[in-house]
Each structure stands twice: as C-alpha cells, then as structure tokens.
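Participant: Structure below; questions to follow.
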Amino acid sequence: MSVLVTGGARSGKSSFAERLCMQRSSEAWYVATAQAYDDEMRERIRMHQQGREEAGYLWHTVEEPLALPEWITRMGASHTGMSAPTVLVDCLTLWLTNILLAHEHDPAHVIQGHMDALVSAVKSYPGLLVLVTNEVGDGIVPEYALGRRYRDLAGILNQRIAAICGEVFLVTVGIAIELKSKEYRL
C-alpha cells in the first residue's frame, strides 16, 4: 500500500512519515531525493540523518535525486514472491525540482513522462511505500515563470499520487490528519 504525507515547510511531515514507518515495519529504506548544493542544505541533510540514527530504527539510506521511478520499480521487482521492504521517499517535491531543473528547457511532455513513470512505479510497488511531499500552492503566486511552472506541476503530481494512495495524511503544526477517510465525494 502507498501512503502520501503532505504539508507545508517545517510542518512535521518528515518526522510523521518516519514514525509511521517505524510503527508499521521493523526496518525500511530511506530514499533521499535532496541534493546538497550549499552549506545550509548540507546542514539540513545532516540533521535529518542524525535524527534517523538516534531513533534506534534500522534505516537503509539511498540517495536518488533523479531516477526515483526506476529505483522504486527495481526494488519492487527484486522482491517478487516475497514481501517487499518498506520504503520512505523524502521528498517528491525535491525530486520534481531536480527533474525540472535537469529538463528546464525541454518540452512539457518530457516532465510529464517523468511524472507518469513515477505514478506507474508507485502503483506497482508491492510493499508499503510512504511518500513525503510539500504543499506548495497555498502561498503567493511565484513571480517568475519557472516558479509558477514548478508550483503547477507540484500540484498536479500531488493530486495524481494522492489519487492512487490508500492513505493521505496532511500534517500541519506537527499534527497529522488522514484525509482519504474524510474525503467528500461528488
């Protein structure tokens, strides 16, 4: 089953996702999509790593900033006939940033292809897959075209992933609320 955990910056979504994995399995793969381009980001990554190490839980960490759909597909395929490991991906919006920057001048269908591949990989993963993402559309409209494109693509990606997940949690001020069970359907 796939689970989406969303929320704003510093909402507690990553901590919640980690605790969810710890509650539901004895060990997990932690797929980090962030890239450390500066000292501030390196420090953020270090703090996340330290927090996981201090939790007393068995995390297998891998960095996958671009080929996330392929990694998920390989991990699922390598466990055919046996239970697939729990996987935590942190986070989809950083992955989308990496894809968008790598393909900034490519036509829209190139980015769409990467998003399609991710949706397909998530749908087919045979184990528990916990995906962290950011809600980026609640703020102001970005001033620059690339920022607006990113915001729009993140919203589309989040909607598509939420539609195929069995559970969707919104985390705000450190409190998680499961949304799928409260969804109003027209």
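The way I read the labels, and the way they are meant: chains A, B, ... in the order of the structure tokens, residue 1 as the first residue of every chain, and ligand 1 as the first ligand shown, with later ones counted on from there.
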Would you return as a PyMOL selection string the members of segment 3-58 of chain A that DSSP assigns to strand (DSSP E or B) on this structure's backbone?
Facilitator: chain A and resi 3-7+27-32+58
Participant: Kindly save the residues from that selection, with N, CA and C atoms included, as a compact mmCIF listing (two decimals), in the first residue's frame.
Facilitator:
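selection08.txt, freshly written:
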# COMPACT_ATOMS: atom_id res chain seq x y z
N VAL A 3 1.28 5.37 0.80
CA VAL A 3 0.79 6.40 1.72
C VAL A 3 1.45 7.72 1.32
N LEU A 4 0.66 8.77 1.19
CA LEU A 4 1.19 10.10 0.90
C LEU A 4 1.10 10.95 2.16
N VAL A 5 2.20 11.64 2.48
CA VAL A 5 2.24 12.54 3.62
C VAL A 5 2.59 13.92 3.07
N THR A 6 1.69 14.87 3.26
CA THR A 6 1.90 16.21 2.72
C THR A 6 1.74 17.26 3.81
N GLY A 7 2.23 18.44 3.52
CA GLY A 7 2.13 19.56 4.46
C GLY A 7 3.07 20.66 4.01
N GLU A 27 12.08 -2.39 9.76
CA GLU A 27 13.16 -1.67 9.09
C GLU A 27 12.61 -1.10 7.80
N ALA A 28 13.34 -0.13 7.23
CA ALA A 28 12.86 0.50 6.00
C ALA A 28 14.02 1.08 5.21
N TRP A 29 13.77 1.26 3.93
CA TRP A 29 14.67 2.00 3.06
C TRP A 29 14.26 3.46 3.10
N TYR A 30 15.24 4.33 3.24
CA TYR A 30 15.01 5.78 3.22
C TYR A 30 15.60 6.31 1.93
N VAL A 31 14.74 6.76 1.02
CA VAL A 31 15.20 7.26 -0.27
C VAL A 31 15.20 8.79 -0.20
N ALA A 32 16.39 9.36 -0.18
CA ALA A 32 16.55 10.81 -0.09
C ALA A 32 16.68 11.37 -1.51
N LEU A 58 16.26 0.63 12.11
CA LEU A 58 17.15 0.23 11.03
C LEU A 58 16.70 0.88 9.71
Participant: Which of these, A:Leu96, A:Val141, A:Leu20, A:Leu128, has the shortest distance to Ala34 of chain A once you count only C-alpha atoms?
Facilitator: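 The closest residue to Ala34 of chain A is A:Leu96.
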Participant: Skip segment 115-119 of chain A itself and residues of its chain fewer than 5 positions away, then list as a PyMOL selection string all residues within 9 Å of it, counting only C-alpha atoms.
Facilitator: chain A and resi 68-70+72+96+110+124+157+160-161+164
Participant: Contacts of Leu94 of chain A at 8 Å or less, counting only C-alpha atoms, minus same-chain residues fewer than 2 places along, as a PyMOL selection string?
Facilitator: chain A and resi 33-34+65+90-92+96-98
Participant: My list of candidates is A:Ser83, A:Ser181, A:Thr73, A:Ser15. Which is closest to His48 of chain A when distances are computed with only C-alpha atoms?
Facilitator: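 Of all the options, A:Ser15 lies closest to His48 of chain A.
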Participant: Just list the residues in chain A DSSP gives alpha helix (DSSP H) on the backbone, as a VMD selection string.
Facilitator: chain A and resid 13 to 24 39 to 54 68 to 77 92 to 102 108 to 124 145 to 164
Participant: Using only C-alpha atoms, determine which residues lie at most 7 Å from Val130 of chain A, disregarding the query and same-chain residues fewer than 4 positions distant; provide the list as a PyMOL selection string.
Facilitator: chain A and resi 2-4+17+87-89
Participant: Restricting the calculation to only C-alpha atoms: of A:Gly166, A:Glu183, A:Thr133, A:Tyr125, which residue gets closest to Trp71 of chain A?
Facilitator: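 Using only C-alpha atoms, Trp71 of chain A sits closest to A:Tyr125.
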Participant: For atom CA of Ile99 of chain A and atom CA of Arg44 of chain A, quote the distance in Å rounded to one decimal.
Facilitator: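 These atoms are spaced 20.7 Å apart.
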Participant: Quick one, how far is atom CA of Arg46 of chain A from atom CA of Gly174 of chain A?
Facilitator: 20.9 Å
Participant: May I ask which of the residues A:Leu153, A:Cys165, A:Met22, A:Ala121 is the closest one to His109 of chain A, counting only C-alpha atoms?
Facilitator: A:Leu153
Participant: Interatomic distance between atom CA of Ala176 of chain A and atom CA of Met75 of chain A?
Facilitator: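 Here the two named atoms are 28.0 Å from each other.
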Participant: Nearest residue to Lys123 of chain A out of A:Lys182, A:Gly8, A:Ala163, A:Asp38, using only C-alpha atoms?
Facilitator: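 The answer is A:Ala163, which sits nearest to Lys123 of chain A.
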Participant: Looking at only C-alpha atoms, which of A:Trp59, A:Tyr144, A:Phe16, A:Tyr150 is the one that sits closest to Glu104 of chain A?
Facilitator: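 Using only C-alpha atoms, the shortest distance to Glu104 of chain A belongs to A:Tyr150.
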